[in-house]
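These notes concern the structure reproduced below.
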Amino acid sequence: MSIPISPPHKLYRNILLAFTISITTTIFILSTILYISFERVGLKTIHSFVKDGLTQISYSATYMNDLAKSLSLQIYFNDNITKLSYLSLPDIREEYLATEQLTSYRNTAPSIHSIYVYNAKRDTFYTSMVNMEKIEPDRQKSFFDQEIVGMMHNLGKYKRLTPIPRKIPNPYPELSKNAYTNVYTFLFYDSPEESAQQDDHIIVLNISEDWLRKMMEQLDIEPQSNTFIIDSKGTMVIRDNSHDILTSLSGQPYIERILTASDKSGYFIDDVNGAKSLITYFSSDLLDWKFIRITPYNSIVDKITEMKTRTFVFGLLILVSGLLASVFLSRKLYRPIRSMTSRLTSFQAEKTTKQKTIFLRHLLRNESVFSENELLTKFAALRISFDPTQPYSLILLTMNQDPKESRVHSASDKHLKKFAVMNIADEIVSATYACEMVDMDEDHIIVLCNVGTLAEDAQRLDEMFRNIQNHVHNYYHLSISAAVSTASTSFAEVGYLYDEVRDASNYRLIHGLDSIIFAENLKKLAEKQFAYPAEKEKLLLDALMLGNTAEAKEIYVQIVQYSLDYSYNILKSALIRLAVDLNMVVDTLQRNSGAPLPYNLNAFISELDRLQTLEDINRHFFTLFEGIVPKIKHSTLTKHDEVMSKIIETIHAQYADPNLSIERLAELVDMSAMYLGRLFKKMNTKSVAEYINQVRLGKAKELLLGTRLSIQEISEQVGFLNSGYFYTLFKKATGITPNQYRKNRQLNDEMHGQAQDAQTSFGPD
């Protein structure tokens with residue numbers, strides 16, 4: 001009885017079917033896992049991104065609070081405005097000066113809506129709005145802002161310098177379509193909050209809600225999301241797309257969840273107005289506000305869902321195609337023996353080629369040493385056409401493949417292209433010279449070539465390379481560069497020539513990916529002594545610290561152009577040193593500010609080594625400059641403010657020291673004098689020397705009016721060694737000499753005293 005044997009094609013059909021089903025099943029399972037993972041990772045990534053945005057909005061709100069404090073203190077310490085609050089009956093001139101300065105304060109900050117000063121003794125308001133009028137008790141009922149009137153009589157209910165969201169009626173409704181203006185009101189008064197009295201020196205600062213809203217809109221780049229702010233009671237403190245300011249949202253379930261959350265920030269998924277949404281929140285401890293952003297869930301997972309659908313469709317196509325292929329091709333796939341025989345036929349030739357390649361690699365890398373007779377015997381056995389007893393040179397061909405393509409093509413694809421390049425080069429070079437191609441198992445090919453002298457053959461080698469380059473580009477769309485070693489008559493130097501030609505190949509970074517480079521022409525570059533342009537580098541780092549990207553790029557180009565006159569290793573070292581110094585700057589900024597900056601030295605240098613042209617390297621550095629400059633500006637803002645405060649405080653404390661200078665101040669804050677000078681000028685619109693002189697002249701005016709000291713003594717006491725220089729500066733600043741300034745003030749005081757005596761004599765009007 002015979003056992004039935006399945007035809008060979010059925011065996012291969014079953015194998016192919018099992019293989020196809022296994023792949024398809026794996027794709028479906030993997031796609032499901034990836035979809036779930038991508039969804040989780042996507043939510044976490046978006047939460048992190050949104051949290052950063054909400055944090056920036058929180059910083060804007062904190063900045064608004066700091067701005068209100070700063071401006072309130074300036075107004076509080078203004079003598080003219082203080083008179084409005086305390087004097088029982090300020091004269092018209094005092095009121096005019098005070099209201100003028102009040103208007104000036106309002107105009108200095110676009111975010112300020114209005115400023116009130118309240119005189120409790122006379123129950124009178126002075127405002128920078130409504131034509132700078134004073135609102136006396138008999139007019140308060142017609143005052144457009146009635147809410148502030150009630151607040152002044154219940155001052156203890158409100159915290160000092162804490163934003164109070166309000167809706168202020170428009171004093172000119174006929175001129176505006178909006179009946180109300182949304183503002184944040186800040187109250188500043190003398191007494192502690194628990195004992196605040198109506199008779200305090202009260203300043204009311206109203207900051208427009210539009211200012212904070214515009215800051216939020218600039219930071220909210222997702223058009224489908226909705227960002228808003230609530231207080232600890234769930235009341236809107238800024239309007240959004242659906243709700244106005246002071247609208248209570250405490251009844252919304254997702255708002256209750258945020259208000260009762262113990263974490264400072266977080267995210268969750270919930271229904272908002274009937275739509276599934278990702279809700280991200282961030283709490284501000286300073287303002288007791290919660291910053292919320294609502295993003296439709298569909299906008300987050302749409303692309304992931306689309307990818308899942310495509311993957312399943314792709315899997316079905318593979319399954320159907322596999323089934324069809326199993327039916328139509330199984331009869332032809334049972335012929336493996338024929339294919340095996342074909343492979344065995346070429347095995348011996350491949351083995352000989354592999355042995356030849358390994359042997360020549362060892363010689364080029366100085367890993368094997370042979371006598372001349374042993375070398376000739378080995379060359380003959382391996383059928384190497386190159387003659388080691390004749391003059392020769394090495395030509396290194398580099399495949400300059402696009403870095404993007406290198407991630408797409410497999411190792412086998414690269415090997416096939418390399419094999420094709422070797423065949424083209426062998427066919428062209430062997431027509432003129434005895435040669436041998438060696439695959440160095442990297443991105444390059446070595447051509448052992450029996451040339452005479454490079455002086456005679458340089459032109460011919462250049463023409464051959466251009467021919468090779470054209471064929472490779474036309475057929476395989478690859479860029480090829482070549483480097484030619486110096487000529488030698490001793491094969492014992494082959495290892496040295498190999499190192500030489502590899503070093504020469506690096507110069508394609510400078511000369512281009514389609515260049516042919518002769519090592520002979522590079523010897524002079526290696527002999528030149530290099531001095532690193534440290535001053536240029538310092539200017540570059542200063543430009544970055546000051547946020548001047550264009551200047552930084554220009555100085556960087558100057559450093560690179562200077563380094564191009566030296567060897568490749570010098571250029572590479574200069575670029576790496578520049579990257580290391582940038583890393584030191586970034587590390588310092590990160591330690592000082594605590595905020596991460598988009599720069600990693602190892603990743604940057606790794607990417608730098610991968611780039612093949614100088615243009616790519618320049619672009620790499622320019623991208624870094626453009627990426628870190630905004631971060632540097634943000635990270636150094638606080639530090640610069642601290643430095644300026646310290647410098648100004650030192651100037652006011654040491655103005656009498658004649659040796660006070662920018663160099664001394666620069667040592668105090670550990671900065672270069674040049675950088676400090678540029679920074680001070682940028683932040684104060686005056687140079688350090690101008691500011692020192694301004695403080696000294698101010699102190700001199702006080703001494704001129706308050707003492708009987710001589711001009712010489714006053715000049716020395718305020719830090720001027722040369723009284724003539726003091727005279728010149730004083731007259732330039734005031735238009736009169738110090739003596740005239742003292743006499744004019746004395747004359748004014750006498751006239752003022754006489755006017756008071758006259759008023760006392762005749763009595764009030």
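The way I read the labels, and the way they are meant: chains A, B, ... in the order of the structure tokens, residue 1 as the first residue of every chain, and ligand 1 as the first ligand shown, with later ones counted on from there.
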
What's around Ile445 (chain A) at 8 Å? Count only C-alpha atoms, leave out sequence neighbours fewer than 4 positions away in its own chain, and write the answer as a ChimeraX atom specification.
/A:396-398,422,437-440

Among region 161-265 of chain A, which ones does DSSP place in strand (DSSP E), written as a list of chain:residue names?
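Selecting the strand (DSSP E) positions of region 161-265 of chain A gives A:Ile164, A:Pro165, A:Arg166, A:Lys167, A:Ile168, A:Pro169, A:Tyr180, A:Thr181, A:Asn182, A:Val183, A:Tyr184, A:Thr185, A:Phe186, A:Leu187, A:Phe188, A:Ile202, A:Ile203, A:Val204, A:Leu205, A:Asn206, A:Ile207, A:Ser208, A:Asn226, A:Thr227, A:Phe228, A:Ile229, A:Ile230, A:Asp231, A:Ser265.
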
Quick one: write out the picked residues with N, CA, C and O atoms as an mmCIF file, in the first residue's frame?
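The result, written out as selection-v5.cif:
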```
data_model
loop_
_atom_site.group_PDB
_atom_site.id
_atom_site.type_symbol
_atom_site.label_atom_id
_atom_site.label_comp_id
_atom_site.auth_asym_id
_atom_site.auth_seq_id
_atom_site.Cartn_x
_atom_site.Cartn_y
_atom_site.Cartn_z
ATOM 1 N N ILE A 164 -8.824 92.041 41.562
ATOM 2 C CA ILE A 164 -10.265 91.884 41.788
ATOM 3 C C ILE A 164 -10.951 92.043 40.438
ATOM 4 O O ILE A 164 -10.985 93.143 39.872
ATOM 5 N N PRO A 165 -11.477 90.960 39.833
ATOM 6 C CA PRO A 165 -12.155 91.087 38.541
ATOM 7 C C PRO A 165 -13.424 91.941 38.688
ATOM 8 O O PRO A 165 -14.231 91.724 39.596
ATOM 9 N N ARG A 166 -13.579 92.908 37.789
ATOM 10 C CA ARG A 166 -14.751 93.788 37.842
ATOM 11 C C ARG A 166 -15.193 94.170 36.437
ATOM 12 O O ARG A 166 -14.432 94.060 35.481
ATOM 13 N N LYS A 167 -16.413 94.659 36.360
ATOM 14 C CA LYS A 167 -16.957 95.223 35.116
ATOM 15 C C LYS A 167 -17.218 96.711 35.385
ATOM 16 O O LYS A 167 -18.077 97.064 36.194
ATOM 17 N N ILE A 168 -16.430 97.570 34.719
ATOM 18 C CA ILE A 168 -16.559 99.019 34.926
ATOM 19 C C ILE A 168 -17.451 99.595 33.817
ATOM 20 O O ILE A 168 -17.195 99.355 32.625
ATOM 21 N N PRO A 169 -18.495 100.356 34.184
ATOM 22 C CA PRO A 169 -19.341 100.984 33.143
ATOM 23 C C PRO A 169 -18.518 101.939 32.284
ATOM 24 O O PRO A 169 -17.578 102.580 32.753
ATOM 25 N N TYR A 180 -19.768 98.051 29.158
ATOM 26 C CA TYR A 180 -18.863 97.813 30.283
ATOM 27 C C TYR A 180 -17.478 97.454 29.760
ATOM 28 O O TYR A 180 -17.319 96.947 28.651
ATOM 29 N N THR A 181 -16.504 97.680 30.618
ATOM 30 C CA THR A 181 -15.118 97.271 30.344
ATOM 31 C C THR A 181 -14.652 96.343 31.464
ATOM 32 O O THR A 181 -14.806 96.669 32.650
ATOM 33 N N ASN A 182 -14.114 95.183 31.088
ATOM 34 C CA ASN A 182 -13.625 94.220 32.076
ATOM 35 C C ASN A 182 -12.226 94.627 32.527
ATOM 36 O O ASN A 182 -11.344 94.861 31.697
ATOM 37 N N VAL A 183 -12.025 94.679 33.853
ATOM 38 C CA VAL A 183 -10.720 95.081 34.389
ATOM 39 C C VAL A 183 -10.377 94.212 35.601
ATOM 40 O O VAL A 183 -11.233 93.505 36.151
ATOM 41 N N TYR A 184 -9.098 94.302 36.001
ATOM 42 C CA TYR A 184 -8.628 93.729 37.262
ATOM 43 C C TYR A 184 -8.213 94.903 38.140
ATOM 44 O O TYR A 184 -7.296 95.662 37.794
ATOM 45 N N THR A 185 -8.889 95.049 39.269
ATOM 46 C CA THR A 185 -8.656 96.184 40.151
ATOM 47 C C THR A 185 -7.690 95.787 41.262
ATOM 48 O O THR A 185 -7.862 94.751 41.915
ATOM 49 N N PHE A 186 -6.664 96.627 41.479
ATOM 50 C CA PHE A 186 -5.691 96.428 42.556
ATOM 51 C C PHE A 186 -5.817 97.610 43.523
ATOM 52 O O PHE A 186 -5.782 98.777 43.105
ATOM 53 N N LEU A 187 -5.984 97.313 44.824
ATOM 54 C CA LEU A 187 -6.101 98.338 45.854
ATOM 55 C C LEU A 187 -4.801 98.418 46.639
ATOM 56 O O LEU A 187 -4.245 97.390 47.055
ATOM 57 N N PHE A 188 -4.306 99.621 46.828
ATOM 58 C CA PHE A 188 -3.087 99.828 47.623
ATOM 59 C C PHE A 188 -3.395 100.858 48.701
ATOM 60 O O PHE A 188 -3.864 101.967 48.416
ATOM 61 N N ILE A 202 -5.159 105.735 49.644
ATOM 62 C CA ILE A 202 -5.695 104.645 48.817
ATOM 63 C C ILE A 202 -5.447 104.949 47.345
ATOM 64 O O ILE A 202 -5.797 106.023 46.852
ATOM 65 N N ILE A 203 -4.839 103.960 46.659
ATOM 66 C CA ILE A 203 -4.600 104.039 45.211
ATOM 67 C C ILE A 203 -5.345 102.882 44.558
ATOM 68 O O ILE A 203 -5.225 101.730 44.997
ATOM 69 N N VAL A 204 -6.095 103.175 43.538
ATOM 70 C CA VAL A 204 -6.860 102.144 42.814
ATOM 71 C C VAL A 204 -6.276 102.044 41.407
ATOM 72 O O VAL A 204 -6.233 103.024 40.671
ATOM 73 N N LEU A 205 -5.821 100.837 41.061
ATOM 74 C CA LEU A 205 -5.196 100.597 39.753
ATOM 75 C C LEU A 205 -6.062 99.598 38.981
ATOM 76 O O LEU A 205 -6.285 98.477 39.449
ATOM 77 N N ASN A 206 -6.577 99.986 37.818
ATOM 78 C CA ASN A 206 -7.412 99.107 36.985
ATOM 79 C C ASN A 206 -6.624 98.675 35.747
ATOM 80 O O ASN A 206 -6.266 99.514 34.911
ATOM 81 N N ILE A 207 -6.346 97.369 35.648
ATOM 82 C CA ILE A 207 -5.633 96.822 34.489
ATOM 83 C C ILE A 207 -6.645 96.158 33.563
ATOM 84 O O ILE A 207 -7.476 95.345 34.005
ATOM 85 N N SER A 208 -6.567 96.472 32.282
ATOM 86 C CA SER A 208 -7.548 95.969 31.312
ATOM 87 C C SER A 208 -7.454 94.457 31.154
ATOM 88 O O SER A 208 -6.358 93.888 31.053
ATOM 89 N N ASN A 226 -10.165 75.774 24.095
ATOM 90 C CA ASN A 226 -10.736 76.921 24.793
ATOM 91 C C ASN A 226 -9.987 77.078 26.113
ATOM 92 O O ASN A 226 -9.957 76.158 26.928
ATOM 93 N N THR A 227 -9.365 78.239 26.310
ATOM 94 C CA THR A 227 -8.578 78.490 27.517
ATOM 95 C C THR A 227 -9.247 79.592 28.320
ATOM 96 O O THR A 227 -9.633 80.628 27.767
ATOM 97 N N PHE A 228 -9.390 79.372 29.648
ATOM 98 C CA PHE A 228 -9.975 80.395 30.506
ATOM 99 C C PHE A 228 -9.424 80.236 31.915
ATOM 100 O O PHE A 228 -8.685 79.286 32.227
ATOM 101 N N ILE A 229 -9.791 81.190 32.811
ATOM 102 C CA ILE A 229 -9.276 81.218 34.180
ATOM 103 C C ILE A 229 -10.461 81.362 35.126
ATOM 104 O O ILE A 229 -11.398 82.128 34.860
ATOM 105 N N ILE A 230 -10.412 80.606 36.246
ATOM 106 C CA ILE A 230 -11.425 80.737 37.293
ATOM 107 C C ILE A 230 -10.725 80.968 38.624
ATOM 108 O O ILE A 230 -9.531 80.696 38.771
ATOM 109 N N ASP A 231 -11.505 81.491 39.588
ATOM 110 C CA ASP A 231 -10.930 81.641 40.926
ATOM 111 C C ASP A 231 -11.260 80.417 41.765
ATOM 112 O O ASP A 231 -11.796 79.427 41.264
ATOM 113 N N SER A 265 -1.602 70.578 39.425
ATOM 114 C CA SER A 265 -1.926 70.502 38.003
ATOM 115 C C SER A 265 -2.275 69.068 37.653
ATOM 116 O O SER A 265 -1.928 68.127 38.378
#
```

Quick one: residues within 8 Å of region 385-388 of chain A, only C-alpha atoms counted, chain neighbours fewer than 4 positions away excluded, as a count of residues only?
11

With distances taken over only C-alpha atoms, which residue among A:Met216, A:Val695, A:Leu540, A:Leu497 lies nearest Ser60 (chain A)?
A:Met216

Neighbour list for Leu660 (chain A) as an MDAnalysis selection string, cut-off 10 Å, only C-alpha atoms, skip fewer than 3 positions in-chain
chainID A and resid 650:651 654:657 663:665 689 692 719

Give me the residues near Met674 (chain A) as a PyMOL selection string, where near means some atom within 12 Å (using only C-alpha atoms) and where sequence neighbours in that chain fewer than 4 positions away do not count.
chain A and resi 538-539+542-543+546+662-663+665-667+670+678-681+687-688

Give me the residues within 10 Å of Ser488 (chain A) as a list in words, counting only C-alpha atoms and dropping any in the same chain fewer than 2 places off.
Gln390, Pro391, Tyr392, Ser393, Leu394, Asn450, Val451, Gly452, Thr453, Ser485, Thr486, Ser490, Phe491, Ala492, Glu493, Val494 and Leu497 of chain A

Those same residues, written as a compact mmCIF listing (two decimals), in the first residue's frame with N, CA, C and O atoms?
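Okay, part05.txt is ready:
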```
# COMPACT_ATOMS: atom_id res chain seq x y z
N GLN A 390 55.07 48.03 -8.61
CA GLN A 390 55.07 49.22 -9.45
C GLN A 390 54.57 50.43 -8.65
O GLN A 390 53.89 50.28 -7.62
N PRO A 391 54.91 51.66 -9.09
CA PRO A 391 54.38 52.85 -8.42
C PRO A 391 52.85 52.82 -8.38
O PRO A 391 52.20 52.36 -9.32
N TYR A 392 52.28 53.35 -7.30
CA TYR A 392 50.83 53.25 -7.13
C TYR A 392 50.32 54.41 -6.26
O TYR A 392 51.09 55.08 -5.58
N SER A 393 49.04 54.56 -6.32
CA SER A 393 48.32 55.48 -5.42
C SER A 393 47.02 54.82 -4.99
O SER A 393 46.55 53.86 -5.63
N LEU A 394 46.45 55.33 -3.92
CA LEU A 394 45.14 54.88 -3.46
C LEU A 394 44.11 55.95 -3.79
O LEU A 394 44.35 57.15 -3.60
N ASN A 450 47.76 51.36 -10.17
CA ASN A 450 49.15 51.53 -10.60
C ASN A 450 49.26 52.75 -11.51
O ASN A 450 49.13 52.67 -12.72
N VAL A 451 49.47 53.92 -10.89
CA VAL A 451 49.68 55.14 -11.66
C VAL A 451 51.16 55.46 -11.68
O VAL A 451 51.94 54.93 -10.88
N GLY A 452 51.55 56.35 -12.61
CA GLY A 452 52.95 56.76 -12.68
C GLY A 452 53.23 57.81 -11.63
O GLY A 452 53.43 57.53 -10.45
N THR A 453 53.19 59.07 -12.04
CA THR A 453 53.32 60.19 -11.10
C THR A 453 52.06 61.02 -11.17
O THR A 453 51.45 61.17 -12.24
N SER A 485 45.56 59.66 -2.83
CA SER A 485 46.74 59.75 -1.97
C SER A 485 47.95 60.21 -2.79
O SER A 485 47.90 60.31 -4.02
N THR A 486 49.05 60.47 -2.09
CA THR A 486 50.30 60.71 -2.79
C THR A 486 50.79 59.39 -3.40
O THR A 486 50.35 58.31 -3.01
N SER A 490 56.79 51.95 -2.75
CA SER A 490 56.95 50.88 -1.76
C SER A 490 55.59 50.46 -1.23
O SER A 490 54.86 51.28 -0.66
N PHE A 491 55.25 49.18 -1.40
CA PHE A 491 53.95 48.71 -0.93
C PHE A 491 53.90 48.64 0.59
O PHE A 491 52.82 48.53 1.17
N ALA A 492 55.06 48.74 1.25
CA ALA A 492 55.07 48.75 2.71
C ALA A 492 54.40 50.01 3.27
O ALA A 492 54.00 50.06 4.44
N GLU A 493 54.27 51.04 2.44
CA GLU A 493 53.64 52.29 2.87
C GLU A 493 52.14 52.32 2.64
O GLU A 493 51.50 53.36 2.83
N VAL A 494 51.55 51.18 2.24
CA VAL A 494 50.14 51.19 1.88
C VAL A 494 49.25 51.59 3.07
O VAL A 494 48.24 52.27 2.90
N LEU A 497 49.41 55.34 3.40
CA LEU A 497 48.63 55.99 2.33
C LEU A 497 47.13 55.86 2.59
O LEU A 497 46.35 56.76 2.26
```
